[in-house]
>>> print(open('input.cif').read())   # mmCIF, N, CA and C atoms and all ligand atoms
data_input
loop_
_atom_site.label_atom_id
_atom_site.label_comp_id
_atom_site.auth_asym_id
_atom_site.auth_seq_id
_atom_site.Cartn_x
_atom_site.Cartn_y
_atom_site.Cartn_z
N MET A 1 266.75 22.17 293.61
CA MET A 1 267.83 23.08 293.18
C MET A 1 269.14 22.32 293.03
N SER A 2 269.38 21.35 293.95
CA SER A 2 270.65 20.63 293.83
C SER A 2 270.61 19.67 292.63
N ASP A 3 269.40 19.21 292.28
CA ASP A 3 269.28 18.39 291.08
C ASP A 3 269.66 19.20 289.85
N LEU A 4 269.19 20.43 289.87
CA LEU A 4 269.49 21.33 288.76
C LEU A 4 270.99 21.56 288.67
N ARG A 5 271.59 21.72 289.84
CA ARG A 5 273.04 21.94 289.87
C ARG A 5 273.78 20.74 289.31
N ASP A 6 273.30 19.54 289.69
CA ASP A 6 273.92 18.32 289.16
C ASP A 6 273.82 18.27 287.64
N LEU A 7 272.66 18.67 287.15
CA LEU A 7 272.44 18.66 285.71
C LEU A 7 273.41 19.61 285.04
N TYR A 8 273.56 20.80 285.63
CA TYR A 8 274.48 21.79 285.07
C TYR A 8 275.89 21.24 285.04
N GLN A 9 276.25 20.58 286.15
CA GLN A 9 277.59 20.04 286.24
C GLN A 9 277.82 18.96 285.18
N GLU A 10 276.77 18.19 284.94
CA GLU A 10 276.86 17.14 283.93
C GLU A 10 277.10 17.72 282.54
N VAL A 11 276.37 18.79 282.23
CA VAL A 11 276.52 19.43 280.92
C VAL A 11 277.94 19.95 280.75
N ILE A 12 278.45 20.58 281.81
CA ILE A 12 279.80 21.14 281.73
C ILE A 12 280.85 20.04 281.58
N LEU A 13 280.68 18.96 282.35
CA LEU A 13 281.63 17.85 282.24
C LEU A 13 281.58 17.19 280.87
N GLU A 14 280.38 17.05 280.37
CA GLU A 14 280.21 16.41 279.06
C GLU A 14 280.92 17.23 277.98
N HIS A 15 280.75 18.55 278.01
CA HIS A 15 281.39 19.40 277.01
C HIS A 15 282.91 19.42 277.18
N SER A 16 283.36 19.33 278.44
CA SER A 16 284.81 19.39 278.62
C SER A 16 285.47 18.09 278.17
N LYS A 17 284.72 17.00 278.25
CA LYS A 17 285.27 15.71 277.79
C LYS A 17 285.21 15.57 276.28
N ALA A 18 284.17 16.12 275.68
CA ALA A 18 283.99 16.01 274.24
C ALA A 18 283.66 17.38 273.65
N PRO A 19 284.65 18.28 273.67
CA PRO A 19 284.38 19.64 273.22
C PRO A 19 283.99 19.70 271.74
N ARG A 20 283.04 20.60 271.44
CA ARG A 20 282.58 20.77 270.06
C ARG A 20 283.46 21.80 269.35
N ASN A 21 283.57 21.63 268.05
CA ASN A 21 284.35 22.59 267.23
C ASN A 21 285.77 22.76 267.78
N PHE A 22 286.32 21.65 268.22
CA PHE A 22 287.64 21.66 268.85
C PHE A 22 288.69 21.24 267.83
N HIS A 23 289.12 22.19 267.04
CA HIS A 23 290.12 21.90 266.00
C HIS A 23 290.68 23.22 265.47
N GLU A 24 291.81 23.12 264.81
CA GLU A 24 292.36 24.28 264.14
C GLU A 24 291.49 24.60 262.93
N MET A 25 291.54 25.81 262.44
CA MET A 25 290.79 26.15 261.24
C MET A 25 291.75 26.73 260.21
N PRO A 26 292.13 25.91 259.24
CA PRO A 26 293.14 26.35 258.27
C PRO A 26 292.71 27.62 257.51
N GLY A 27 291.44 27.75 257.20
CA GLY A 27 291.01 28.90 256.41
C GLY A 27 290.55 30.09 257.25
N ALA A 28 290.93 30.09 258.52
CA ALA A 28 290.46 31.16 259.41
C ALA A 28 290.92 32.53 258.92
N ASP A 29 290.03 33.52 258.96
CA ASP A 29 290.50 34.86 258.62
C ASP A 29 290.79 35.70 259.86
N ARG A 30 290.43 35.17 261.02
CA ARG A 30 290.81 35.84 262.27
C ARG A 30 291.10 34.79 263.31
N LYS A 31 292.09 35.06 264.15
CA LYS A 31 292.31 34.19 265.30
C LYS A 31 292.98 34.98 266.40
N ALA A 32 292.76 34.53 267.62
CA ALA A 32 293.38 35.19 268.77
C ALA A 32 293.68 34.16 269.83
N ASP A 33 294.67 34.47 270.67
CA ASP A 33 295.05 33.61 271.79
C ASP A 33 294.58 34.24 273.09
N GLY A 34 294.19 33.37 274.00
CA GLY A 34 293.79 33.86 275.32
C GLY A 34 294.44 33.02 276.40
N ASP A 35 294.89 33.70 277.46
CA ASP A 35 295.59 33.04 278.55
C ASP A 35 294.98 33.44 279.88
N ASN A 36 294.76 32.45 280.72
CA ASN A 36 294.32 32.74 282.07
C ASN A 36 295.35 32.16 283.03
N PRO A 37 296.38 32.94 283.36
CA PRO A 37 297.48 32.42 284.18
C PRO A 37 297.05 31.97 285.57
N LEU A 38 295.95 32.50 286.07
CA LEU A 38 295.47 32.12 287.40
C LEU A 38 295.19 30.63 287.48
N CYS A 39 294.76 30.07 286.34
CA CYS A 39 294.32 28.67 286.34
C CYS A 39 295.13 27.83 285.37
N GLY A 40 295.82 28.49 284.45
CA GLY A 40 296.59 27.75 283.46
C GLY A 40 295.82 27.41 282.20
N ASP A 41 294.68 28.07 282.00
CA ASP A 41 293.88 27.84 280.78
C ASP A 41 294.49 28.65 279.64
N HIS A 42 294.61 28.03 278.48
CA HIS A 42 295.00 28.80 277.30
C HIS A 42 294.36 28.23 276.05
N TYR A 43 293.80 29.12 275.26
CA TYR A 43 293.05 28.71 274.07
C TYR A 43 293.33 29.65 272.91
N THR A 44 293.13 29.09 271.71
CA THR A 44 293.12 29.90 270.50
C THR A 44 291.72 29.80 269.91
N VAL A 45 291.14 30.92 269.54
CA VAL A 45 289.82 30.93 268.91
C VAL A 45 290.00 31.33 267.44
N TYR A 46 289.39 30.55 266.56
CA TYR A 46 289.48 30.79 265.12
C TYR A 46 288.11 31.23 264.58
N LEU A 47 288.14 32.19 263.67
CA LEU A 47 286.89 32.66 263.07
C LEU A 47 286.99 32.67 261.56
N HIS A 48 285.88 32.33 260.97
CA HIS A 48 285.75 32.55 259.53
C HIS A 48 284.54 33.46 259.36
N MET A 49 284.79 34.71 259.01
CA MET A 49 283.72 35.69 258.89
C MET A 49 283.19 35.71 257.47
N GLU A 50 281.91 35.98 257.37
CA GLU A 50 281.31 36.23 256.06
C GLU A 50 280.59 37.56 256.19
N GLY A 51 281.23 38.61 255.71
CA GLY A 51 280.71 39.95 255.97
C GLY A 51 280.74 40.19 257.46
N ASP A 52 279.57 40.44 258.02
CA ASP A 52 279.49 40.75 259.44
C ASP A 52 279.09 39.53 260.27
N ALA A 53 278.97 38.40 259.62
CA ALA A 53 278.49 37.21 260.34
C ALA A 53 279.61 36.20 260.57
N ILE A 54 279.47 35.47 261.68
CA ILE A 54 280.41 34.40 262.00
C ILE A 54 279.97 33.15 261.24
N ARG A 55 280.65 32.87 260.17
CA ARG A 55 280.26 31.71 259.37
C ARG A 55 280.74 30.43 260.03
N ASP A 56 281.95 30.49 260.59
CA ASP A 56 282.46 29.30 261.27
C ASP A 56 283.34 29.75 262.44
N ILE A 57 283.36 28.92 263.47
CA ILE A 57 284.16 29.25 264.65
C ILE A 57 284.66 27.94 265.26
N SER A 58 285.91 27.94 265.68
CA SER A 58 286.46 26.76 266.33
C SER A 58 287.49 27.21 267.36
N PHE A 59 287.96 26.25 268.15
CA PHE A 59 288.98 26.61 269.13
C PHE A 59 289.88 25.43 269.40
N GLN A 60 291.03 25.74 269.97
CA GLN A 60 291.99 24.72 270.38
C GLN A 60 292.66 25.19 271.66
N GLY A 61 293.25 24.25 272.38
CA GLY A 61 293.96 24.63 273.58
C GLY A 61 293.68 23.68 274.72
N ALA A 62 294.00 24.13 275.91
CA ALA A 62 293.86 23.27 277.08
C ALA A 62 293.52 24.11 278.30
N GLY A 63 292.87 23.45 279.24
CA GLY A 63 292.53 24.14 280.47
C GLY A 63 291.57 23.32 281.29
N CYS A 64 291.01 23.94 282.32
CA CYS A 64 290.11 23.24 283.23
C CYS A 64 288.76 22.96 282.56
N ALA A 65 287.95 22.18 283.23
CA ALA A 65 286.65 21.77 282.67
C ALA A 65 285.76 22.97 282.36
N ILE A 66 285.75 23.95 283.25
CA ILE A 66 284.87 25.11 283.04
C ILE A 66 285.30 25.90 281.81
N SER A 67 286.60 26.14 281.68
CA SER A 67 287.06 26.94 280.54
C SER A 67 286.83 26.21 279.23
N LYS A 68 287.03 24.91 279.24
CA LYS A 68 286.87 24.16 277.99
C LYS A 68 285.40 24.04 277.61
N ALA A 69 284.57 23.74 278.59
CA ALA A 69 283.13 23.64 278.32
C ALA A 69 282.57 24.98 277.86
N SER A 70 283.05 26.05 278.47
CA SER A 70 282.57 27.37 278.08
C SER A 70 282.95 27.67 276.63
N ALA A 71 284.18 27.36 276.25
CA ALA A 71 284.62 27.58 274.87
C ALA A 71 283.81 26.73 273.91
N SER A 72 283.59 25.47 274.29
CA SER A 72 282.84 24.55 273.44
C SER A 72 281.43 25.06 273.18
N MET A 73 280.76 25.45 274.27
CA MET A 73 279.37 25.90 274.13
C MET A 73 279.30 27.25 273.43
N MET A 74 280.30 28.08 273.64
CA MET A 74 280.35 29.37 272.95
C MET A 74 280.38 29.16 271.44
N THR A 75 281.21 28.22 270.98
CA THR A 75 281.30 28.02 269.53
C THR A 75 279.97 27.52 268.96
N GLN A 76 279.26 26.71 269.75
CA GLN A 76 277.97 26.21 269.28
C GLN A 76 276.95 27.34 269.14
N VAL A 77 276.96 28.23 270.13
CA VAL A 77 275.97 29.30 270.17
C VAL A 77 276.24 30.36 269.11
N LEU A 78 277.51 30.59 268.80
CA LEU A 78 277.85 31.74 267.97
C LEU A 78 277.85 31.51 266.47
N LYS A 79 277.81 30.26 266.07
CA LYS A 79 277.85 29.99 264.63
C LYS A 79 276.64 30.64 263.96
N GLY A 80 276.90 31.48 262.97
CA GLY A 80 275.82 32.12 262.24
C GLY A 80 275.40 33.46 262.83
N LYS A 81 275.92 33.80 264.01
CA LYS A 81 275.55 35.07 264.64
C LYS A 81 276.34 36.23 264.02
N THR A 82 275.77 37.43 264.08
CA THR A 82 276.52 38.60 263.64
C THR A 82 277.47 39.01 264.75
N ARG A 83 278.41 39.86 264.37
CA ARG A 83 279.36 40.39 265.32
C ARG A 83 278.66 41.08 266.49
N ALA A 84 277.65 41.89 266.17
CA ALA A 84 276.92 42.62 267.22
C ALA A 84 276.20 41.65 268.15
N GLU A 85 275.61 40.60 267.58
CA GLU A 85 274.92 39.60 268.41
C GLU A 85 275.92 38.88 269.31
N ALA A 86 277.09 38.59 268.77
CA ALA A 86 278.12 37.90 269.55
C ALA A 86 278.57 38.77 270.72
N GLU A 87 278.78 40.04 270.47
CA GLU A 87 279.23 40.95 271.55
C GLU A 87 278.13 41.10 272.61
N ARG A 88 276.89 41.10 272.17
CA ARG A 88 275.78 41.23 273.11
C ARG A 88 275.70 39.98 274.00
N LEU A 89 275.88 38.82 273.38
CA LEU A 89 275.86 37.58 274.16
C LEU A 89 277.00 37.54 275.17
N PHE A 90 278.15 38.04 274.76
CA PHE A 90 279.31 38.09 275.66
C PHE A 90 278.95 38.94 276.88
N ASP A 91 278.33 40.08 276.60
CA ASP A 91 277.93 40.99 277.67
C ASP A 91 276.96 40.28 278.63
N GLU A 92 275.99 39.59 278.08
CA GLU A 92 274.99 38.91 278.91
C GLU A 92 275.62 37.75 279.69
N PHE A 93 276.51 37.03 279.01
CA PHE A 93 277.18 35.91 279.66
C PHE A 93 278.04 36.43 280.82
N HIS A 94 278.71 37.54 280.58
CA HIS A 94 279.56 38.13 281.62
C HIS A 94 278.73 38.53 282.83
N ARG A 95 277.57 39.12 282.59
CA ARG A 95 276.67 39.49 283.69
C ARG A 95 276.22 38.25 284.45
N LEU A 96 275.95 37.20 283.72
CA LEU A 96 275.48 35.96 284.33
C LEU A 96 276.53 35.37 285.28
N VAL A 97 277.77 35.24 284.78
CA VAL A 97 278.79 34.56 285.59
C VAL A 97 279.37 35.44 286.70
N THR A 98 279.16 36.76 286.59
CA THR A 98 279.64 37.63 287.66
C THR A 98 278.51 37.97 288.63
N GLY A 99 277.34 37.38 288.40
CA GLY A 99 276.23 37.58 289.32
C GLY A 99 275.67 38.99 289.32
N GLN A 100 275.81 39.68 288.19
CA GLN A 100 275.27 41.04 288.10
C GLN A 100 273.82 41.03 287.66
N GLY A 101 273.09 40.13 288.24
CA GLY A 101 271.67 40.08 287.92
C GLY A 101 271.40 39.30 286.66
N LEU A 102 270.15 39.09 286.41
CA LEU A 102 269.75 38.31 285.25
C LEU A 102 270.02 39.09 283.98
N PRO A 103 270.25 38.37 282.91
CA PRO A 103 270.46 39.04 281.63
C PRO A 103 269.27 39.93 281.27
N ALA A 104 269.54 40.86 280.41
CA ALA A 104 268.50 41.81 279.99
C ALA A 104 267.32 41.09 279.35
N GLU A 105 266.23 41.78 279.35
CA GLU A 105 265.01 41.27 278.72
C GLU A 105 265.32 40.83 277.29
N GLY A 106 264.78 39.68 276.93
CA GLY A 106 264.99 39.23 275.56
C GLY A 106 266.33 38.54 275.36
N ALA A 107 267.05 38.34 276.44
CA ALA A 107 268.34 37.66 276.32
C ALA A 107 268.12 36.23 275.87
N ASP A 108 269.04 35.74 275.10
CA ASP A 108 268.88 34.40 274.59
C ASP A 108 270.13 33.58 274.88
N LEU A 109 270.45 33.46 276.14
CA LEU A 109 271.66 32.72 276.50
C LEU A 109 271.47 31.22 276.33
N GLY A 110 270.21 30.78 276.36
CA GLY A 110 269.93 29.36 276.15
C GLY A 110 270.75 28.49 277.09
N LYS A 111 271.45 27.53 276.50
CA LYS A 111 272.21 26.56 277.29
C LYS A 111 273.32 27.18 278.11
N LEU A 112 273.75 28.37 277.72
CA LEU A 112 274.85 29.00 278.45
C LEU A 112 274.46 29.30 279.89
N ALA A 113 273.16 29.24 280.18
CA ALA A 113 272.68 29.46 281.54
C ALA A 113 273.28 28.45 282.52
N VAL A 114 273.80 27.34 282.04
CA VAL A 114 274.41 26.36 282.95
C VAL A 114 275.59 26.95 283.71
N PHE A 115 276.12 28.08 283.23
CA PHE A 115 277.28 28.67 283.90
C PHE A 115 276.90 29.65 285.00
N SER A 116 275.61 29.76 285.29
CA SER A 116 275.19 30.72 286.31
C SER A 116 275.82 30.41 287.67
N GLY A 117 276.07 29.11 287.93
CA GLY A 117 276.65 28.72 289.22
C GLY A 117 278.05 29.28 289.44
N VAL A 118 278.71 29.67 288.34
CA VAL A 118 280.07 30.20 288.44
C VAL A 118 280.10 31.48 289.27
N SER A 119 278.98 32.20 289.30
CA SER A 119 278.96 33.47 290.04
C SER A 119 279.24 33.28 291.53
N GLU A 120 279.06 32.05 292.02
CA GLU A 120 279.36 31.77 293.42
C GLU A 120 280.85 31.53 293.66
N PHE A 121 281.59 31.43 292.58
CA PHE A 121 283.03 31.16 292.68
C PHE A 121 283.81 32.19 291.87
N PRO A 122 284.01 33.38 292.45
CA PRO A 122 284.63 34.48 291.69
C PRO A 122 285.95 34.10 291.03
N ALA A 123 286.70 33.18 291.66
CA ALA A 123 287.99 32.79 291.09
C ALA A 123 287.83 32.06 289.76
N ARG A 124 286.63 31.54 289.51
CA ARG A 124 286.43 30.79 288.26
C ARG A 124 285.82 31.63 287.14
N VAL A 125 285.52 32.89 287.44
CA VAL A 125 284.89 33.73 286.41
C VAL A 125 285.79 33.84 285.18
N LYS A 126 287.10 33.98 285.41
CA LYS A 126 288.01 34.10 284.27
C LYS A 126 288.09 32.81 283.46
N CYS A 127 287.91 31.68 284.14
CA CYS A 127 287.87 30.40 283.41
C CYS A 127 286.67 30.41 282.45
N ALA A 128 285.53 30.86 282.97
CA ALA A 128 284.30 30.82 282.18
C ALA A 128 284.30 31.85 281.05
N THR A 129 285.00 32.98 281.27
CA THR A 129 284.93 34.04 280.25
C THR A 129 286.15 34.08 279.33
N LEU A 130 287.16 33.26 279.60
CA LEU A 130 288.39 33.33 278.79
C LEU A 130 288.12 33.22 277.29
N ALA A 131 287.34 32.21 276.89
CA ALA A 131 287.07 32.02 275.47
C ALA A 131 286.35 33.23 274.87
N TRP A 132 285.49 33.82 275.69
CA TRP A 132 284.72 34.98 275.20
C TRP A 132 285.63 36.19 275.03
N HIS A 133 286.53 36.40 275.97
CA HIS A 133 287.49 37.50 275.82
C HIS A 133 288.35 37.27 274.58
N THR A 134 288.68 36.01 274.34
CA THR A 134 289.51 35.67 273.19
C THR A 134 288.73 35.90 271.89
N LEU A 135 287.48 35.53 271.90
CA LEU A 135 286.60 35.82 270.76
C LEU A 135 286.55 37.32 270.50
N HIS A 136 286.35 38.08 271.57
CA HIS A 136 286.27 39.54 271.44
C HIS A 136 287.53 40.09 270.78
N ALA A 137 288.68 39.60 271.22
CA ALA A 137 289.95 40.04 270.62
C ALA A 137 289.99 39.71 269.14
N ALA A 138 289.57 38.49 268.80
CA ALA A 138 289.59 38.07 267.39
C ALA A 138 288.67 38.96 266.55
N LEU A 139 287.51 39.28 267.09
CA LEU A 139 286.57 40.14 266.36
C LEU A 139 287.15 41.53 266.16
N GLN A 140 287.97 41.97 267.12
CA GLN A 140 288.60 43.29 267.04
C GLN A 140 289.84 43.28 266.15
N GLY A 141 290.21 42.08 265.70
CA GLY A 141 291.42 41.99 264.89
C GLY A 141 292.69 41.98 265.71
N GLU A 142 292.55 41.68 267.01
CA GLU A 142 293.73 41.62 267.87
C GLU A 142 294.19 40.17 268.03
N ALA A 143 295.49 40.00 268.23
CA ALA A 143 296.05 38.64 268.28
C ALA A 143 295.97 38.04 269.67
N GLU A 144 295.79 38.90 270.67
CA GLU A 144 295.77 38.38 272.04
C GLU A 144 294.69 39.01 272.89
N ALA A 145 294.05 38.16 273.67
CA ALA A 145 292.98 38.64 274.53
C ALA A 145 293.56 39.33 275.75
N ALA A 146 292.93 40.41 276.16
CA ALA A 146 293.31 41.08 277.40
C ALA A 146 292.24 40.77 278.44
N LEU A 147 292.65 40.07 279.49
CA LEU A 147 291.70 39.77 280.56
C LEU A 147 291.73 40.90 281.59
N PRO A 148 290.55 41.32 282.01
CA PRO A 148 290.51 42.36 283.05
C PRO A 148 291.04 41.80 284.37
N ASP A 149 291.58 42.68 285.22
CA ASP A 149 292.08 42.24 286.53
C ASP A 149 290.94 41.86 287.43
ZN ZN A 201 290.30 27.40 284.52
#
>>> encode(input="input.cif", output="structure tokens")
Amino acid sequence: MSDLRDLYQEVILEHSKAPRNFHEMPGADRKADGDNPLCGDHYTVYLHMEGDAIRDISFQGAGCAISKASASMMTQVLKGKTRAEAERLFDEFHRLVTGQGLPAEGADLGKLAVFSGVSEFPARVKCATLAWHTLHAALQGEAEAALPD
């Protein structure tokens, strides 16, 4: 189990050092900002929608390793997904990191499962979900993410 944990930590560190899709998107048709004052994480998520699908997604900003790795992996997972699929993944990811049991049957969190360890550290849940809340805001056409208390 601790080997698995080390592996998870490695994946998170690797993504935080070399985040994917980490750039501004000049042609973005939606973008939103997200702030996690508890930790000092702040990101902007950019979307290029094609109908109901996420054709392209990127992000910029700064924060701790967990928040950055989460944003990086989120952009990888969501490219090509529909809005409904993205919201469903957010829901499953949120359940995972808050320890509300395993994702629903048929869940396809894939690599995002590396964040399951976050459920043991409630203070880091907002780090892990910040990018997702920001994505949600962008999908809703809002400029700023609202993080739950
Ligand atoms: Zn953080």
>>> residues_around(input="input.cif", residues="Glu144 in chain A", least_positions_apart="6", cutoff="8 Å", atoms="all atoms listed in the file", output="PyMOL selection string")
chain A and resi 31-35+133-134+136-138
>>> atom_distance(input="input.cif", atom1="atom N of Met25 in chain A", atom2="atom C of Ser58 in chain A")
6.5 Å
>>> residues_near_ligand(input="input.cif", ligand="ligand ZN 201 (chain A)", cutoff="8 Å", atoms="all atoms listed in the file", output="NGL selection string")
:A and (36 or 38-42 or 62-68 or 123-128)
>>> atom_distance(input="input.cif", atom1="atom N of Ile57 in chain A", atom2="atom N of Lys79 in chain A")
6.3 Å
>>> atom_distance(input="input.cif", atom1="atom N of Arg20 in chain A", atom2="CA of Phe59 in chain A")
8.8 Å
>>> select_by_dssp(input="input.cif", residues="range 4-146 of chain A", states="strand (DSSP E)", output="list in words")
Arg30, Lys31, Ala32, Asp33, Gly34, Asp35, Asn36, Asp41, His42, Tyr43, Thr44, Val45, Tyr46, Leu47, His48, Met49, Glu50, Ala53, Ile54, Arg55, Asp56, Ile57, Ser58, Phe59, Gln60, Gly61 and Ala62 of chain A
>>> build_atoms(input="input.cif", residues="range 16-28 of chain A", atoms="N, CA, C and O atoms", output="PDB file, keeping the file's coordinate frame")
ATOM      1  N   SER A  16     283.360  19.330 278.440  1.00  0.00           N
ATOM      2  CA  SER A  16     284.810  19.390 278.620  1.00  0.00           C
ATOM      3  C   SER A  16     285.470  18.090 278.170  1.00  0.00           C
ATOM      4  O   SER A  16     286.619  18.084 277.731  1.00  0.00           O
ATOM      5  N   LYS A  17     284.720  17.000 278.250  1.00  0.00           N
ATOM      6  CA  LYS A  17     285.270  15.710 277.790  1.00  0.00           C
ATOM      7  C   LYS A  17     285.210  15.570 276.280  1.00  0.00           C
ATOM      8  O   LYS A  17     286.055  14.922 275.673  1.00  0.00           O
ATOM      9  N   ALA A  18     284.170  16.120 275.680  1.00  0.00           N
ATOM     10  CA  ALA A  18     283.990  16.010 274.240  1.00  0.00           C
ATOM     11  C   ALA A  18     283.660  17.380 273.650  1.00  0.00           C
ATOM     12  O   ALA A  18     282.544  17.645 273.240  1.00  0.00           O
ATOM     13  N   PRO A  19     284.650  18.280 273.670  1.00  0.00           N
ATOM     14  CA  PRO A  19     284.380  19.640 273.220  1.00  0.00           C
ATOM     15  C   PRO A  19     283.990  19.700 271.740  1.00  0.00           C
ATOM     16  O   PRO A  19     284.521  18.942 270.927  1.00  0.00           O
ATOM     17  N   ARG A  20     283.040  20.600 271.440  1.00  0.00           N
ATOM     18  CA  ARG A  20     282.580  20.770 270.060  1.00  0.00           C
ATOM     19  C   ARG A  20     283.460  21.800 269.350  1.00  0.00           C
ATOM     20  O   ARG A  20     284.006  22.694 269.998  1.00  0.00           O
ATOM     21  N   ASN A  21     283.570  21.630 268.050  1.00  0.00           N
ATOM     22  CA  ASN A  21     284.350  22.590 267.230  1.00  0.00           C
ATOM     23  C   ASN A  21     285.770  22.760 267.780  1.00  0.00           C
ATOM     24  O   ASN A  21     286.306  23.869 267.796  1.00  0.00           O
ATOM     25  N   PHE A  22     286.320  21.650 268.220  1.00  0.00           N
ATOM     26  CA  PHE A  22     287.640  21.660 268.850  1.00  0.00           C
ATOM     27  C   PHE A  22     288.690  21.240 267.830  1.00  0.00           C
ATOM     28  O   PHE A  22     289.039  20.075 267.723  1.00  0.00           O
ATOM     29  N   HIS A  23     289.120  22.190 267.040  1.00  0.00           N
ATOM     30  CA  HIS A  23     290.120  21.900 266.000  1.00  0.00           C
ATOM     31  C   HIS A  23     290.680  23.220 265.470  1.00  0.00           C
ATOM     32  O   HIS A  23     290.071  24.278 265.652  1.00  0.00           O
ATOM     33  N   GLU A  24     291.810  23.120 264.810  1.00  0.00           N
ATOM     34  CA  GLU A  24     292.360  24.280 264.140  1.00  0.00           C
ATOM     35  C   GLU A  24     291.490  24.600 262.930  1.00  0.00           C
ATOM     36  O   GLU A  24     290.801  23.711 262.433  1.00  0.00           O
ATOM     37  N   MET A  25     291.540  25.810 262.440  1.00  0.00           N
ATOM     38  CA  MET A  25     290.790  26.150 261.240  1.00  0.00           C
ATOM     39  C   MET A  25     291.750  26.730 260.210  1.00  0.00           C
ATOM     40  O   MET A  25     292.168  27.888 260.324  1.00  0.00           O
ATOM     41  N   PRO A  26     292.130  25.910 259.240  1.00  0.00           N
ATOM     42  CA  PRO A  26     293.140  26.350 258.270  1.00  0.00           C
ATOM     43  C   PRO A  26     292.710  27.620 257.510  1.00  0.00           C
ATOM     44  O   PRO A  26     293.533  28.463 257.223  1.00  0.00           O
ATOM     45  N   GLY A  27     291.440  27.750 257.200  1.00  0.00           N
ATOM     46  CA  GLY A  27     291.010  28.900 256.410  1.00  0.00           C
ATOM     47  C   GLY A  27     290.550  30.090 257.250  1.00  0.00           C
ATOM     48  O   GLY A  27     289.853  30.967 256.748  1.00  0.00           O
ATOM     49  N   ALA A  28     290.930  30.090 258.520  1.00  0.00           N
ATOM     50  CA  ALA A  28     290.460  31.160 259.410  1.00  0.00           C
ATOM     51  C   ALA A  28     290.920  32.530 258.920  1.00  0.00           C
ATOM     52  O   ALA A  28     292.064  32.680 258.501  1.00  0.00           O
TER      53      ALA A  28
END
